[in-house]
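J.: If you scroll down you'll find the structure; I have some questions about it.
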Number of protein chains: 6
Amino acid sequence: MPILEMHLLEGRTVEQKRAAVAAVTRALVESLGVKPEQVRILITEHQQENFSVGGITAGHRNSLQESQ
Amino acid sequence: MPILEMHLLEGRTVEQKRAAVAAVTRALVESLGVKPEQVRILITEHQQENFSVGGITAGHRNSLQESQ
Amino acid sequence: MPILEMHLLEGRTVEQKRAAVAAVTRALVESLGVKPEQVRILITEHQQENFSVGGITAGHRNSLQESQ
Amino acid sequence: MPILEMHLLEGRTVEQKRAAVAAVTRALVESLGVKPEQVRILITEHQQENFSVGGITAGHRNSLQESQ
Amino acid sequence: MPILEMHLLEGRTVEQKRAAVAAVTRALVESLGVKPEQVRILITEHQQENFSVGGITAGHRNSLQESQ
Amino acid sequence: MPILEMHLLEGRTVEQKRAAVAAVTRALVESLGVKPEQVRILITEHQQENFSVGGITAGHRNSLQESQ
């Protein structure tokens, strides 16, 4: 521990994901005093139709905005 | 909040997923008195070989039934 | 399936939680065509200090507002 | 219940996953006294760039080792 | 990896939980060929009102059966 | 998004948890270019008997070491 599940919308590059896990791990080492190798991060990437806010998926919201 | 993770078997259409997140969000607005924009839903879709009941995956169960 | 994990802030009554799982289950039965007994919901309740938006926990935000 | 989410690195065969859910289900039946059909397992498979230990993804670690 | 989240209804003893994680870990070592120390298990225990099947919480179902 | 679930062993102070969510949020803002208010973090705290490595819970491991 800590073990983190990080949910992201699809579309990040490998470089962005590597930067994110490195930065989050450092943040936990500094704030909680754990060792880096104790921090495990699992990323799950969600398609635009697999995430909603207010009952509308990100994909649906995009298509509504484009049709305006 | 509320934040929901919804695990589904693969194979739903975009229309079904949009209908599901809209209906679940309304259900939470009415039962808990939250605002729609507070409700976030993350869908994770699982392949037939990535879900089991009773120690047998859905894919395995299907292939056993077809071979009968 | 569907299997849902529902994250809520602490403080809901038993009646609210019973109403929420009943309403969400109906919403999924109607939108996805599943049977009610296929729908499982796991509720996890989070204390005010265990949920953050914008890097500030709900408990911290409350104490900042009270001190204004 | 029990309901399990099992996070694996990508690359397991169907046979390995079927063997794993069967073995884990038996383990829970024997240790907790539940019925097999009460045990549900959801597998999520993560790409090498979607899992990190010590702030370095599995994919990054592999590429560092190959370049040595 | 593997990393498992195991959701249980409240009420298991420490001995049962120790037996369960030992048995599940062995099951994964044998079926997937991983080393024991690679297997991490996170248990989350849910109160009777925080788990529902068919839109009815376990606690509600118990109280309905007792009143019959 | 991003939405994070952060699993911790019990025993962190409120100050540590506030520092952790602030630091992790900043880390994601800088590495992924998101706005702070897009980052939501859910903390789940696990008792010593609800986390295992190598099939032995943290609580069990502690009691074994004390008895040596």
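Residue numbering restarts at 1 in every chain; chains get A, B, ... in the order shown in the structure tokens, and ligands count up from 1 in that same order.
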Check which residues of chain D sit at most 9 Å from chain A using only C-alpha atoms, and return one row each with the closest pair of atoms and their distance in Å to one decimal, ordered by chain and rising number, as JSON lines.
T.:
{"residue": "D:His7", "atom": "CA", "partner": "A:Leu42", "partner_atom": "CA", "distance": 8.3}
{"residue": "D:Thr44", "atom": "CA", "partner": "A:Thr44", "partner_atom": "CA", "distance": 8.7}
{"residue": "D:His46", "atom": "CA", "partner": "A:Thr44", "partner_atom": "CA", "distance": 7.3}
{"residue": "D:Gln47", "atom": "CA", "partner": "A:Ile43", "partner_atom": "CA", "distance": 8.8}
{"residue": "D:Glu49", "atom": "CA", "partner": "A:Val14", "partner_atom": "CA", "distance": 6.8}
{"residue": "D:Asn50", "atom": "CA", "partner": "A:Ile43", "partner_atom": "CA", "distance": 4.7}
{"residue": "D:Phe51", "atom": "CA", "partner": "A:Leu42", "partner_atom": "CA", "distance": 4.7}
{"residue": "D:Ser52", "atom": "CA", "partner": "A:Ile41", "partner_atom": "CA", "distance": 5.2}
{"residue": "D:Val53", "atom": "CA", "partner": "A:Arg40", "partner_atom": "CA", "distance": 4.7}
{"residue": "D:Gly54", "atom": "CA", "partner": "A:Glu37", "partner_atom": "CA", "distance": 4.0}
{"residue": "D:Gly55", "atom": "CA", "partner": "A:Ala22", "partner_atom": "CA", "distance": 4.1}
{"residue": "D:Ile56", "atom": "CA", "partner": "A:Ala22", "partner_atom": "CA", "distance": 6.3}
{"residue": "D:Thr57", "atom": "CA", "partner": "A:Arg18", "partner_atom": "CA", "distance": 6.4}
{"residue": "D:His60", "atom": "CA", "partner": "A:Arg18", "partner_atom": "CA", "distance": 7.7}
J.: Would you mind writing down, as a PyMOL selection string, each residue of chain E that DSSP on the backbone assigns to strand (DSSP E)?
T.: chain E and resi 3-9+40-46+51-53+56-57
